[in-house]
Amino acid sequence: MKATEAESARARDLRAQLHTHAHHYYVLDEPQIPDAQYDRMFQELQALEAAHPELQTPDSPTQRVGGRPLPQFESVRHAVPMLSIRTETDTGAQGAVAFDARVRRELGLNESDPALEYVAELKFDGLAMSLRYEDGVLVQAATRGDGELGEDVTQNIRTIGQIPLRLPSTAPPVLEVRGEVYMGRKDFEALNETQREKIAQGARNEKTFVNPRNAAAGAVRQLDPAVARRRPLSFFAYGLGEITPPGQGGPDFQTQFELLQTLAAWGFPVAREAQVVVGADALAAYHQRMGQARDALPFDIDGVVYKVNSLALQRQLGFVTREPRWAVAHKYPAQEQITAVLAIDVQVGRTGKLTPVAKLAPVFVGGVTVTNATLHNEDEARRKDVRVGDTVIVRRAGDVIPEIVGLVPPEPGAAPVARGPVFTMPAHCPVCGSTAVREEGEADHRCSGGLFCAAQRKQAILHYAQRRAVEIEGLGDKLVEQLVDAGVVRVLPDLYRLGVSALAALDRMAEKSARNIVEALEKSKQTTLPRFLFGLGIRHVGEATAKELARHFGKLDAVMDASEEDLLQVNDVGPIVARSIRTFFGQRHNREVVEQLRACGVRWPEGEPAPRTALPLSGKTFVITGTLPTLSREQAKEMIEAAGGKVAGSVSKKTDHLVAGAEAGSKLERAQELGVNVIDESQLQELLHGRA
Ligand code: IVH
């Protein structure tokens, strides 16, 4: 049935509102309405369009969601070729000075003429994209290709929230915006983390990505838009292709900077680091400043770009072959380098996670000398097949830990090098010798000597001392750091052996504060079994589980001696938790620590075992994602656990409910793929109160 006038007006109105809100959300990072309201409007529009397909327009926000997979991409001829730019590779000031001198010479300026004005921009490390808008609507997105012919990737580009599908009426009838599609570092890390999880869970066709640029390029050139949509891409605009000429109603830009500002006003993301600067020294200073800021940026850059600001001068300067004379790229040290693997060690993190780390021949990467790079986990080390003696590519970008990207194959005809054995994770923690465990479906191995392991000391003490556990008032990060580093505290019971004089001998510790700590330690000795059990830091034993264990067994010895079958009788305890508790108390050293704590006078009232009761959420597994309207994720987790439910970190077939809040990402998609029930906070509240 044809849409009524009211229905088409409503569709128009919804489209306009959704466009505005999407811009606030994706580009300005300042949402103006709650996500739920956006979703409601979105669904209303989807419903209208489904009922009346003639209401659907190519610029409708509903069209961001990918269509059918393509057999291959169509070729697109660029109306204005996509050029490359000359690159200055020296990392000092010379690149900027040489460029300014060349431009001045071409323009016939002498020393007495005033300094030239430039726009200095970041050189984003992604892939160049041309976005064509006709009458304000995105009609085509094309890759650079060979500069003349690119590929039509419109379907995939539509899925990028930051790219406007429609422009305000002030935009000219024909507009091609040139810019860079990239993947932010956090998004890249998260994507690879998800990939590693999927691989750990047995997915066969999944792989991790080498760097954000490859991940972005792979996503843009992904033939299935549904897959492309799951790769979080971003965009920065920095130039123009074809545009309606000023004579025919197009804008008459005078400068590159004005152009950038106008692009931002039309809704395109423009990097705020772009700046007008005057003269060669200012260009060099920009290069240096951005070089220092580089690590802290949320995305990769491989240099900066200088452009003559005046568009009239740009026209006068013109092009040589395929490069403009008015622009140059000035590079930074590469974020990827080649080096040799000298050894593969295993490091133990603060939480007991074991990580294979390659020891490298020192190499200068991304501005620093690197000698260690992570291989993440056993599967990853084996998949990349990195061995001692190999030549590898190491990547260091931002503050992220350097990682091994892959092997460099030996030169054809080169003499074969001796390679070490395939990497295998040791069966015991290299720091304390406790058993190393890898749980089903997890990518990481962990040390099970939580209380005893030197690598985990600080974490174990802080966990034990926190308010929700045994609570030692005043024993915070800094103090624990000092106590452990000074060798005063090696294991938990050492805390109770501290005297005022030992404490007062520490830096910045007055006698009064030392007395307070000793008092707090004394006070903490009187605790409860659930607090003590939680304070031990047994993996998967949160506060709620600790309470259940205490209630069920009544006494600590009963918990310590319980078999896996006994443990499975406890509310809230499944096979993974049961095994974890068994492994923990199976380590002689952990038991010794517990004995010593008791000997130091830590005590609690013990009770009688209590039978199992049915709690509203017993046997149910939840995953929480996104931002909930009123509860923090931690609060929601505690409430679920208190009601007998379990909270897992990732969605699997075993998940009963996904609690999704605002900005839910890959977990929500995974839940939808697996058909897991998705609920919001209010539905969770219903379940918690046994009403659903
Ligand atoms: S301007 C005619 N500005 O670097 C000048 N390019 O060869 C066209 N790039 O592949 C390029 N950031 O994708 C320009 N702020 C920026 C850029 C930038 C990154 C890329 C571009 C191109 C390469 C230059």
# chains A, B, ... in the order shown; residues from 1 in each chain; ligands from 1
call {"tool": "residues_near_ligand", "arguments": {"ligand": "ligand 1", "cutoff": "7 Å", "atoms": "only C-alpha atoms and all ligand atoms", "output": "ChimeraX atom specification"}}
result
/A:82-86,121-128,179-180,238-239,305,323-324,327,329
call {"tool": "residues_around", "arguments": {"residues": "Glu380 of chain A", "least_positions_apart": "5", "cutoff": "12 Å", "atoms": "only C-alpha atoms", "output": "PyMOL selection string"}}
result
chain A and resi 192-193+195-200+207-209+355-357+374-375+385-386+403-406+422-425+443-444
call {"tool": "residues_around", "arguments": {"residues": "Leu628 of chain A", "least_positions_apart": "2", "cutoff": "8 Å", "atoms": "only C-alpha atoms", "output": "VMD selection string"}}
result
chain A and resid 626 630 to 633 660 to 662 680 to 681
call {"tool": "atom_distance", "arguments": {"atom1": "atom CA of Gln222 of chain A", "atom2": "atom CA of Arg158 of chain A"}}
result
12.9 Å
call {"tool": "residues_around", "arguments": {"residues": "Ala141 of chain A", "least_positions_apart": "6", "cutoff": "10 Å", "atoms": "only C-alpha atoms", "output": "ChimeraX atom specification"}}
result
/A:76,129-133,150-158,176-178
call {"tool": "closest_residue", "arguments": {"among": "A:His287, A:His540, A:Lys353, A:His463", "to": "Val431 of chain A", "atoms": "only C-alpha atoms"}}
result
A:Lys353
call {"tool": "closest_residue", "arguments": {"among": "A:Ala274, A:Ala265, A:Ala505, A:Val220", "to": "Thr170 of chain A", "atoms": "only C-alpha atoms"}}
result
A:Ala265
call {"tool": "residues_around", "arguments": {"residues": "Phe534 of chain A", "least_positions_apart": "4", "cutoff": "9 Å", "atoms": "only C-alpha atoms", "output": "list in words"}}
result
His463, Tyr464, Arg468, Ala469, Val470, Leu529, Pro530, Ile538, Val541, Gly542, Glu543, Ala544, Thr545, Ala546 and Lys547 of chain A
call {"tool": "write_last_selection", "arguments": {"atoms": "C-alpha atoms", "output": "short mmCIF file (atom, residue, chain, number, x, y, z; two decimals), in the first residue's frame"}}
result
data_model
loop_
_atom_site.label_atom_id
_atom_site.label_comp_id
_atom_site.auth_asym_id
_atom_site.auth_seq_id
_atom_site.Cartn_x
_atom_site.Cartn_y
_atom_site.Cartn_z
CA HIS A 463 43.20 -7.61 46.69
CA TYR A 464 43.34 -9.00 50.22
CA ARG A 468 35.30 -5.58 50.30
CA ALA A 469 37.78 -8.23 51.43
CA VAL A 470 39.69 -8.29 54.72
CA LEU A 529 34.83 -16.29 56.30
CA PRO A 530 33.33 -14.83 53.10
CA ILE A 538 41.13 -17.38 43.90
CA VAL A 541 35.77 -16.54 43.25
CA GLY A 542 34.07 -13.16 43.56
CA GLU A 543 32.32 -11.88 46.65
CA ALA A 544 29.08 -13.66 45.83
CA THR A 545 30.78 -17.03 45.32
CA ALA A 546 32.79 -16.54 48.50
CA LYS A 547 29.55 -16.00 50.42
#
call {"tool": "atom_distance", "arguments": {"atom1": "atom CA of Gln587 of chain A", "atom2": "atom CA of Pro605 of chain A"}}
result
25.2 Å
call {"tool": "residues_around", "arguments": {"residues": "Asn372 of chain A", "least_positions_apart": "2", "cutoff": "8 Å", "atoms": "only C-alpha atoms", "output": "PDB file with C-alpha atoms, in the first residue's frame"}}
result
ATOM      1  CA  VAL A 357      57.750 -12.567  25.152  1.00  0.00           C
ATOM      2  CA  ALA A 358      60.342 -12.545  22.400  1.00  0.00           C
ATOM      3  CA  LYS A 359      63.749 -11.129  23.341  1.00  0.00           C
ATOM      4  CA  LEU A 360      64.974  -9.226  20.310  1.00  0.00           C
ATOM      5  CA  VAL A 370      62.830  -2.121  21.479  1.00  0.00           C
ATOM      6  CA  THR A 374      54.805  -9.758  23.117  1.00  0.00           C
ATOM      7  CA  PRO A 402      55.527  -3.843  21.070  1.00  0.00           C
TER       8      PRO A 402
END
call {"tool": "atom_distance", "arguments": {"atom1": "atom CA of Gln72 of chain A", "atom2": "atom CA of Arg213 of chain A"}}
result
21.3 Å
call {"tool": "select_by_dssp", "arguments": {"residues": "segment 266-477 of chain A", "states": "strand (DSSP E)", "output": "NGL selection string"}}
result
:A and (275-278 or 301-308 or 319-320 or 323-324 or 327-331 or 336-348 or 353-365 or 368-374 or 391-395 or 403-407 or 436-438 or 445-447)
call {"tool": "write_last_selection", "arguments": {"atoms": "C-alpha atoms", "output": "PDB file, in the first residue's frame"}}
result
ATOM      1  CA  GLN A 275      47.094  24.282  11.862  1.00  0.00           C
ATOM      2  CA  VAL A 276      48.004  27.355   9.848  1.00  0.00           C
ATOM      3  CA  VAL A 277      51.729  28.029  10.312  1.00  0.00           C
ATOM      4  CA  VAL A 278      54.055  30.599   8.763  1.00  0.00           C
ATOM      5  CA  ILE A 301      50.140   8.562  11.838  1.00  0.00           C
ATOM      6  CA  ASP A 302      53.241   8.019   9.763  1.00  0.00           C
ATOM      7  CA  GLY A 303      54.190  11.649   9.366  1.00  0.00           C
ATOM      8  CA  VAL A 304      52.825  15.132   8.826  1.00  0.00           C
ATOM      9  CA  VAL A 305      51.742  16.838   5.596  1.00  0.00           C
ATOM     10  CA  TYR A 306      52.555  20.441   4.688  1.00  0.00           C
ATOM     11  CA  LYS A 307      50.318  22.230   2.191  1.00  0.00           C
ATOM     12  CA  VAL A 308      50.567  25.765   0.801  1.00  0.00           C
ATOM     13  CA  PHE A 319      51.983  19.525 -10.488  1.00  0.00           C
ATOM     14  CA  VAL A 320      55.054  17.576 -11.534  1.00  0.00           C
ATOM     15  CA  GLU A 323      52.620  14.955  -7.454  1.00  0.00           C
ATOM     16  CA  PRO A 324      51.546  18.459  -6.482  1.00  0.00           C
ATOM     17  CA  ALA A 327      52.374  19.693  -0.752  1.00  0.00           C
ATOM     18  CA  VAL A 328      54.851  17.343   0.826  1.00  0.00           C
ATOM     19  CA  ALA A 329      54.721  14.560   3.412  1.00  0.00           C
ATOM     20  CA  HIS A 330      57.380  14.628   6.143  1.00  0.00           C
ATOM     21  CA  LYS A 331      57.749  11.210   7.737  1.00  0.00           C
ATOM     22  CA  GLU A 336      57.434  -1.539  12.059  1.00  0.00           C
ATOM     23  CA  GLN A 337      60.986  -2.857  11.767  1.00  0.00           C
ATOM     24  CA  ILE A 338      62.833  -6.070  11.139  1.00  0.00           C
ATOM     25  CA  THR A 339      64.992  -7.761  13.756  1.00  0.00           C
ATOM     26  CA  ALA A 340      66.144 -11.164  15.078  1.00  0.00           C
ATOM     27  CA  VAL A 341      64.620 -13.290  17.846  1.00  0.00           C
ATOM     28  CA  LEU A 342      67.271 -14.125  20.455  1.00  0.00           C
ATOM     29  CA  ALA A 343      65.092 -15.998  22.932  1.00  0.00           C
ATOM     30  CA  ILE A 344      61.473 -16.564  23.898  1.00  0.00           C
ATOM     31  CA  ASP A 345      60.780 -16.050  27.597  1.00  0.00           C
ATOM     32  CA  VAL A 346      57.585 -16.352  29.559  1.00  0.00           C
ATOM     33  CA  GLN A 347      56.576 -13.403  31.727  1.00  0.00           C
ATOM     34  CA  VAL A 348      54.103 -13.512  34.570  1.00  0.00           C
ATOM     35  CA  LYS A 353      48.740 -14.325  33.254  1.00  0.00           C
ATOM     36  CA  LEU A 354      51.645 -16.004  31.456  1.00  0.00           C
ATOM     37  CA  THR A 355      52.762 -14.218  28.301  1.00  0.00           C
ATOM     38  CA  PRO A 356      55.363 -15.441  25.831  1.00  0.00           C
ATOM     39  CA  VAL A 357      57.750 -12.567  25.152  1.00  0.00           C
ATOM     40  CA  ALA A 358      60.342 -12.545  22.400  1.00  0.00           C
ATOM     41  CA  LYS A 359      63.749 -11.129  23.341  1.00  0.00           C
ATOM     42  CA  LEU A 360      64.974  -9.226  20.310  1.00  0.00           C
ATOM     43  CA  ALA A 361      68.189  -7.884  18.928  1.00  0.00           C
ATOM     44  CA  PRO A 362      67.759  -4.172  19.822  1.00  0.00           C
ATOM     45  CA  VAL A 363      65.936  -2.265  17.077  1.00  0.00           C
ATOM     46  CA  PHE A 364      64.721   1.336  16.721  1.00  0.00           C
ATOM     47  CA  VAL A 365      60.935   1.277  16.155  1.00  0.00           C
ATOM     48  CA  VAL A 368      62.374   4.053  20.733  1.00  0.00           C
ATOM     49  CA  THR A 369      64.744   1.089  20.998  1.00  0.00           C
ATOM     50  CA  VAL A 370      62.830  -2.121  21.479  1.00  0.00           C
ATOM     51  CA  THR A 371      64.285  -5.354  22.903  1.00  0.00           C
ATOM     52  CA  ASN A 372      61.101  -7.195  23.953  1.00  0.00           C
ATOM     53  CA  ALA A 373      57.901  -7.895  22.068  1.00  0.00           C
ATOM     54  CA  THR A 374      54.805  -9.758  23.117  1.00  0.00           C
ATOM     55  CA  THR A 391      63.885 -12.744  11.519  1.00  0.00           C
ATOM     56  CA  VAL A 392      60.626 -11.022  12.422  1.00  0.00           C
ATOM     57  CA  ILE A 393      58.667  -7.822  11.936  1.00  0.00           C
ATOM     58  CA  VAL A 394      58.142  -5.999  15.197  1.00  0.00           C
ATOM     59  CA  ARG A 395      55.552  -3.257  15.565  1.00  0.00           C
ATOM     60  CA  GLU A 403      54.356  -6.977  19.317  1.00  0.00           C
ATOM     61  CA  ILE A 404      55.642  -9.446  16.789  1.00  0.00           C
ATOM     62  CA  VAL A 405      53.614  -9.091  13.663  1.00  0.00           C
ATOM     63  CA  GLY A 406      55.064 -12.036  11.764  1.00  0.00           C
ATOM     64  CA  LEU A 407      58.040 -13.751  10.207  1.00  0.00           C
ATOM     65  CA  ALA A 436      50.187 -23.235  34.996  1.00  0.00           C
ATOM     66  CA  VAL A 437      46.557 -23.682  33.970  1.00  0.00           C
ATOM     67  CA  ARG A 438      44.721 -22.910  30.781  1.00  0.00           C
ATOM     68  CA  HIS A 445      47.649 -19.724  30.678  1.00  0.00           C
ATOM     69  CA  ARG A 446      47.747 -18.580  34.304  1.00  0.00           C
ATOM     70  CA  CYS A 447      49.861 -19.274  37.334  1.00  0.00           C
TER      71      CYS A 447
END
call {"tool": "decode", "arguments": {"residues": "segment 268-329 of chain A", "atoms": "C-alpha atoms", "output": "PDB file, in the first residue's frame"}}
result
ATOM      1  CA  PHE A 268      32.964  15.542   8.136  1.00  0.00           C
ATOM      2  CA  PRO A 269      35.484  14.618  10.819  1.00  0.00           C
ATOM      3  CA  VAL A 270      38.532  16.870  10.417  1.00  0.00           C
ATOM      4  CA  ALA A 271      41.542  16.352  12.690  1.00  0.00           C
ATOM      5  CA  ARG A 272      41.825  19.199  15.157  1.00  0.00           C
ATOM      6  CA  GLU A 273      45.630  19.083  14.908  1.00  0.00           C
ATOM      7  CA  ALA A 274      45.530  20.841  11.494  1.00  0.00           C
ATOM      8  CA  GLN A 275      47.094  24.282  11.862  1.00  0.00           C
ATOM      9  CA  VAL A 276      48.004  27.355   9.848  1.00  0.00           C
ATOM     10  CA  VAL A 277      51.729  28.029  10.312  1.00  0.00           C
ATOM     11  CA  VAL A 278      54.055  30.599   8.763  1.00  0.00           C
ATOM     12  CA  GLY A 279      57.535  29.847   7.437  1.00  0.00           C
ATOM     13  CA  ALA A 280      59.908  26.874   7.433  1.00  0.00           C
ATOM     14  CA  ASP A 281      60.799  27.009  11.121  1.00  0.00           C
ATOM     15  CA  ALA A 282      57.169  26.762  12.125  1.00  0.00           C
ATOM     16  CA  LEU A 283      56.753  23.711   9.847  1.00  0.00           C
ATOM     17  CA  ALA A 284      59.764  22.063  11.467  1.00  0.00           C
ATOM     18  CA  ALA A 285      58.403  22.911  14.927  1.00  0.00           C
ATOM     19  CA  TYR A 286      55.042  21.325  14.009  1.00  0.00           C
ATOM     20  CA  HIS A 287      56.858  18.202  12.827  1.00  0.00           C
ATOM     21  CA  GLN A 288      58.676  17.997  16.126  1.00  0.00           C
ATOM     22  CA  ARG A 289      55.612  18.741  18.265  1.00  0.00           C
ATOM     23  CA  MET A 290      53.465  16.116  16.550  1.00  0.00           C
ATOM     24  CA  GLY A 291      56.364  13.663  16.762  1.00  0.00           C
ATOM     25  CA  GLN A 292      56.169  14.039  20.527  1.00  0.00           C
ATOM     26  CA  ALA A 293      52.374  13.888  20.583  1.00  0.00           C
ATOM     27  CA  ARG A 294      52.331  10.878  18.276  1.00  0.00           C
ATOM     28  CA  ASP A 295      52.328   8.150  20.937  1.00  0.00           C
ATOM     29  CA  ALA A 296      49.402   9.718  22.741  1.00  0.00           C
ATOM     30  CA  LEU A 297      47.183  10.031  19.645  1.00  0.00           C
ATOM     31  CA  PRO A 298      44.349   7.516  19.471  1.00  0.00           C
ATOM     32  CA  PHE A 299      45.288   6.572  15.880  1.00  0.00           C
ATOM     33  CA  ASP A 300      48.433   5.858  13.864  1.00  0.00           C
ATOM     34  CA  ILE A 301      50.140   8.562  11.838  1.00  0.00           C
ATOM     35  CA  ASP A 302      53.241   8.019   9.763  1.00  0.00           C
ATOM     36  CA  GLY A 303      54.190  11.649   9.366  1.00  0.00           C
ATOM     37  CA  VAL A 304      52.825  15.132   8.826  1.00  0.00           C
ATOM     38  CA  VAL A 305      51.742  16.838   5.596  1.00  0.00           C
ATOM     39  CA  TYR A 306      52.555  20.441   4.688  1.00  0.00           C
ATOM     40  CA  LYS A 307      50.318  22.230   2.191  1.00  0.00           C
ATOM     41  CA  VAL A 308      50.567  25.765   0.801  1.00  0.00           C
ATOM     42  CA  ASN A 309      47.537  27.447   2.372  1.00  0.00           C
ATOM     43  CA  SER A 310      46.539  29.759  -0.494  1.00  0.00           C
ATOM     44  CA  LEU A 311      44.607  27.866  -3.172  1.00  0.00           C
ATOM     45  CA  ALA A 312      45.585  30.523  -5.739  1.00  0.00           C
ATOM     46  CA  LEU A 313      49.261  29.798  -5.041  1.00  0.00           C
ATOM     47  CA  GLN A 314      48.526  26.058  -5.192  1.00  0.00           C
ATOM     48  CA  ARG A 315      47.129  26.552  -8.714  1.00  0.00           C
ATOM     49  CA  GLN A 316      50.159  28.625  -9.672  1.00  0.00           C
ATOM     50  CA  LEU A 317      52.526  25.926  -8.416  1.00  0.00           C
ATOM     51  CA  GLY A 318      50.675  23.065 -10.151  1.00  0.00           C
ATOM     52  CA  PHE A 319      51.983  19.525 -10.488  1.00  0.00           C
ATOM     53  CA  VAL A 320      55.054  17.576 -11.534  1.00  0.00           C
ATOM     54  CA  THR A 321      54.122  14.223 -13.026  1.00  0.00           C
ATOM     55  CA  ARG A 322      51.628  12.903 -10.476  1.00  0.00           C
ATOM     56  CA  GLU A 323      52.620  14.955  -7.454  1.00  0.00           C
ATOM     57  CA  PRO A 324      51.546  18.459  -6.482  1.00  0.00           C
ATOM     58  CA  ARG A 325      54.362  20.985  -5.992  1.00  0.00           C
ATOM     59  CA  TRP A 326      52.391  22.611  -3.181  1.00  0.00           C
ATOM     60  CA  ALA A 327      52.374  19.693  -0.752  1.00  0.00           C
ATOM     61  CA  VAL A 328      54.851  17.343   0.826  1.00  0.00           C
ATOM     62  CA  ALA A 329      54.721  14.560   3.412  1.00  0.00           C
TER      63      ALA A 329
END
